[in-house]
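Visitor: Supplied in structure tokens, the structure appears directly below.
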Amino acid sequence: MNREPAWVAAIRLAMLTGRVDVDAVIEEANLVEGRERTVRDVLSTLAERGVLRSAGDGTYRPGETLLNSDRYNLDFEKASDGGAHRWKSSV
């Protein structure tokens, strides 16, 4: 449960902005100060699993898993700014 907000924020940012880093995840997930190590661990785990790929400078980009997902081609203009991220789709 401690890592879930970071996972969700990292995936959301990767899909909406195409770029993820520790500071962006902390801001997106509204995490308290001191969670940087946890976020770094989450980002590296997502990279190991192919969800993200390291850009080599502390940032990550969408990995093959996201790029090949059935959600990657959705109209992200419909993504909410809040915590409930839902799209109108039949999937």
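Every chain in the structure tokens takes a letter, A first, then B, and so on in the order presented; its residues are numbered from 1, and the ligands are numbered from 1 following the presented order.
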So which residues touch region 13-26 of chain A within 8 Å, counting only C-alpha atoms, skipping near sequence neighbours fewer than 5 positions away, as a PyMOL selection string?
Guide: chain A and resi 6+31-32+35-36+39-40+43+52+58-62+66+72+76
Visitor: Report as JSON, numbers by chain: the residues of region 19-58 of chain A with a DSSP assignment of alpha helix (DSSP H), based on the backbone of this structure.
Guide: {"A": [22, 23, 24, 25, 26, 27, 28, 29, 36, 37, 38, 39, 40, 41, 42, 43, 44, 45, 46, 47, 48]}
Visitor: Could you write out the selected residues, including all heavy atoms, as a compact mmCIF listing (two decimals), in the first residue's frame?
Guide:
```
# COMPACT_ATOMS: atom_id res chain seq x y z
N VAL A 22 11.58 11.22 -10.36
CA VAL A 22 11.22 11.11 -8.95
C VAL A 22 10.38 12.30 -8.50
O VAL A 22 9.33 12.14 -7.86
CB VAL A 22 12.49 10.97 -8.07
CG1 VAL A 22 12.15 11.07 -6.59
CG2 VAL A 22 13.19 9.64 -8.37
N ASP A 23 10.82 13.50 -8.82
CA ASP A 23 10.09 14.69 -8.36
C ASP A 23 8.68 14.75 -8.92
O ASP A 23 7.73 15.10 -8.21
CB ASP A 23 10.86 15.96 -8.76
CG ASP A 23 12.16 16.12 -8.00
OD1 ASP A 23 12.29 15.57 -6.88
OD2 ASP A 23 13.07 16.79 -8.52
N ALA A 24 8.52 14.38 -10.20
CA ALA A 24 7.19 14.42 -10.81
C ALA A 24 6.26 13.40 -10.16
O ALA A 24 5.08 13.70 -9.92
CB ALA A 24 7.30 14.15 -12.31
N VAL A 25 6.78 12.22 -9.83
CA VAL A 25 5.95 11.20 -9.19
C VAL A 25 5.55 11.65 -7.79
O VAL A 25 4.40 11.51 -7.39
CB VAL A 25 6.68 9.83 -9.13
CG1 VAL A 25 5.92 8.84 -8.27
CG2 VAL A 25 6.86 9.29 -10.54
N ILE A 26 6.48 12.23 -7.06
CA ILE A 26 6.17 12.71 -5.70
C ILE A 26 5.08 13.77 -5.76
O ILE A 26 4.14 13.74 -4.97
CB ILE A 26 7.44 13.22 -5.01
CG1 ILE A 26 8.31 12.01 -4.64
CG2 ILE A 26 7.11 14.06 -3.79
CD1 ILE A 26 9.66 12.36 -4.07
N GLU A 27 5.19 14.68 -6.71
CA GLU A 27 4.16 15.72 -6.85
C GLU A 27 2.82 15.14 -7.28
O GLU A 27 1.78 15.44 -6.70
CB GLU A 27 4.62 16.78 -7.85
CG GLU A 27 3.63 17.91 -7.99
CD GLU A 27 4.12 18.99 -8.93
OE1 GLU A 27 5.33 19.10 -9.17
OE2 GLU A 27 3.26 19.72 -9.45
N GLU A 28 2.84 14.28 -8.29
CA GLU A 28 1.59 13.68 -8.81
C GLU A 28 0.88 12.86 -7.75
O GLU A 28 -0.34 12.90 -7.63
CB GLU A 28 1.91 12.81 -10.03
CG GLU A 28 0.74 12.04 -10.58
CD GLU A 28 -0.27 12.91 -11.31
OE1 GLU A 28 0.04 14.05 -11.69
OE2 GLU A 28 -1.40 12.43 -11.48
N ALA A 29 1.64 12.08 -6.98
CA ALA A 29 1.04 11.20 -5.97
C ALA A 29 0.83 11.91 -4.64
O ALA A 29 0.30 11.31 -3.71
CB ALA A 29 1.94 9.98 -5.76
N GLU A 36 11.57 9.73 -1.54
CA GLU A 36 12.34 9.69 -2.77
C GLU A 36 12.94 8.30 -3.03
O GLU A 36 12.91 7.81 -4.16
CB GLU A 36 13.47 10.74 -2.73
CG GLU A 36 12.98 12.17 -2.76
CD GLU A 36 12.54 12.71 -1.39
OE1 GLU A 36 12.69 11.99 -0.37
OE2 GLU A 36 12.06 13.84 -1.35
N ARG A 37 13.46 7.67 -2.00
CA ARG A 37 14.06 6.33 -2.18
C ARG A 37 13.01 5.32 -2.64
O ARG A 37 13.26 4.51 -3.52
CB ARG A 37 14.71 5.87 -0.88
CG ARG A 37 15.35 4.52 -1.01
CD ARG A 37 16.12 4.14 0.25
NE ARG A 37 16.45 2.74 0.18
CZ ARG A 37 16.25 1.87 1.15
NH1 ARG A 37 15.75 2.26 2.30
NH2 ARG A 37 16.57 0.62 1.00
N THR A 38 11.83 5.38 -2.04
CA THR A 38 10.75 4.49 -2.43
C THR A 38 10.38 4.71 -3.89
O THR A 38 10.20 3.76 -4.65
CB THR A 38 9.52 4.70 -1.53
OG1 THR A 38 9.88 4.40 -0.19
CG2 THR A 38 8.35 3.83 -1.96
N VAL A 39 10.27 5.96 -4.30
CA VAL A 39 9.91 6.28 -5.68
C VAL A 39 11.00 5.80 -6.63
O VAL A 39 10.70 5.22 -7.69
CB VAL A 39 9.63 7.79 -5.86
CG1 VAL A 39 9.45 8.14 -7.32
CG2 VAL A 39 8.41 8.19 -5.05
N ARG A 40 12.27 5.98 -6.28
CA ARG A 40 13.35 5.47 -7.12
C ARG A 40 13.25 3.96 -7.27
O ARG A 40 13.45 3.41 -8.36
CB ARG A 40 14.72 5.87 -6.55
CG ARG A 40 15.16 7.26 -6.94
CD ARG A 40 16.61 7.51 -6.61
NE ARG A 40 16.89 7.51 -5.18
CZ ARG A 40 16.69 8.53 -4.36
NH1 ARG A 40 16.23 9.67 -4.85
NH2 ARG A 40 16.96 8.44 -3.08
N ASP A 41 12.94 3.27 -6.18
CA ASP A 41 12.76 1.81 -6.22
C ASP A 41 11.61 1.42 -7.14
O ASP A 41 11.72 0.48 -7.93
CB ASP A 41 12.51 1.24 -4.83
CG ASP A 41 13.74 1.25 -3.94
OD1 ASP A 41 14.86 1.46 -4.45
OD2 ASP A 41 13.57 1.07 -2.72
N VAL A 42 10.51 2.14 -7.03
CA VAL A 42 9.34 1.86 -7.88
C VAL A 42 9.69 2.08 -9.35
O VAL A 42 9.37 1.24 -10.20
CB VAL A 42 8.13 2.74 -7.46
CG1 VAL A 42 7.04 2.73 -8.51
CG2 VAL A 42 7.59 2.27 -6.11
N LEU A 43 10.35 3.19 -9.65
CA LEU A 43 10.71 3.47 -11.04
C LEU A 43 11.65 2.41 -11.61
O LEU A 43 11.47 1.96 -12.74
CB LEU A 43 11.32 4.87 -11.16
CG LEU A 43 10.38 6.03 -10.88
CD1 LEU A 43 11.13 7.36 -10.92
CD2 LEU A 43 9.21 6.05 -11.83
N SER A 44 12.62 1.99 -10.82
CA SER A 44 13.55 0.96 -11.32
C SER A 44 12.84 -0.37 -11.50
O SER A 44 13.11 -1.11 -12.44
CB SER A 44 14.77 0.83 -10.42
OG SER A 44 14.42 0.32 -9.15
N THR A 45 11.90 -0.70 -10.60
CA THR A 45 11.14 -1.94 -10.74
C THR A 45 10.26 -1.88 -11.99
O THR A 45 10.18 -2.86 -12.75
CB THR A 45 10.26 -2.20 -9.50
OG1 THR A 45 11.12 -2.31 -8.36
CG2 THR A 45 9.42 -3.45 -9.64
N LEU A 46 9.62 -0.75 -12.24
CA LEU A 46 8.81 -0.60 -13.45
C LEU A 46 9.69 -0.74 -14.70
O LEU A 46 9.26 -1.32 -15.70
CB LEU A 46 8.08 0.74 -13.45
CG LEU A 46 6.92 0.86 -12.46
CD1 LEU A 46 6.43 2.31 -12.38
CD2 LEU A 46 5.78 -0.06 -12.85
N ALA A 47 10.91 -0.25 -14.64
CA ALA A 47 11.83 -0.39 -15.77
C ALA A 47 12.24 -1.85 -15.95
O ALA A 47 12.30 -2.34 -17.08
CB ALA A 47 13.05 0.50 -15.56
N GLU A 48 12.51 -2.55 -14.85
CA GLU A 48 12.86 -3.97 -14.93
C GLU A 48 11.75 -4.78 -15.58
O GLU A 48 12.01 -5.77 -16.27
CB GLU A 48 13.15 -4.53 -13.54
CG GLU A 48 14.44 -4.06 -12.93
CD GLU A 48 14.56 -4.45 -11.47
OE1 GLU A 48 13.74 -5.26 -10.97
OE2 GLU A 48 15.47 -3.93 -10.81
```
Visitor: Calculate how many Å separate CA of Ser69 (chain A) from CA of Asn30 (chain A), rounding to one decimal.
Guide: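 Separation of CA of Ser69 (chain A) and CA of Asn30 (chain A): 26.2 Å.
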Visitor: Could you please determine the separation between CA of Ile11 (chain A) and CA of Thr65 (chain A) in Å, to one decimal place?
Guide: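 If I compute the distance from CA of Ile11 (chain A) to CA of Thr65 (chain A), I get 10.7 Å.
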Visitor: What's the 9 Å shell around Glu64 (chain A), counting only C-alpha atoms, without same-chain residues fewer than 6 positions away, as a list in words?
Guide: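 Near neighbours after the sequence-gap exclusion: Gly50, Val51, Leu52 and Arg53 of chain A.
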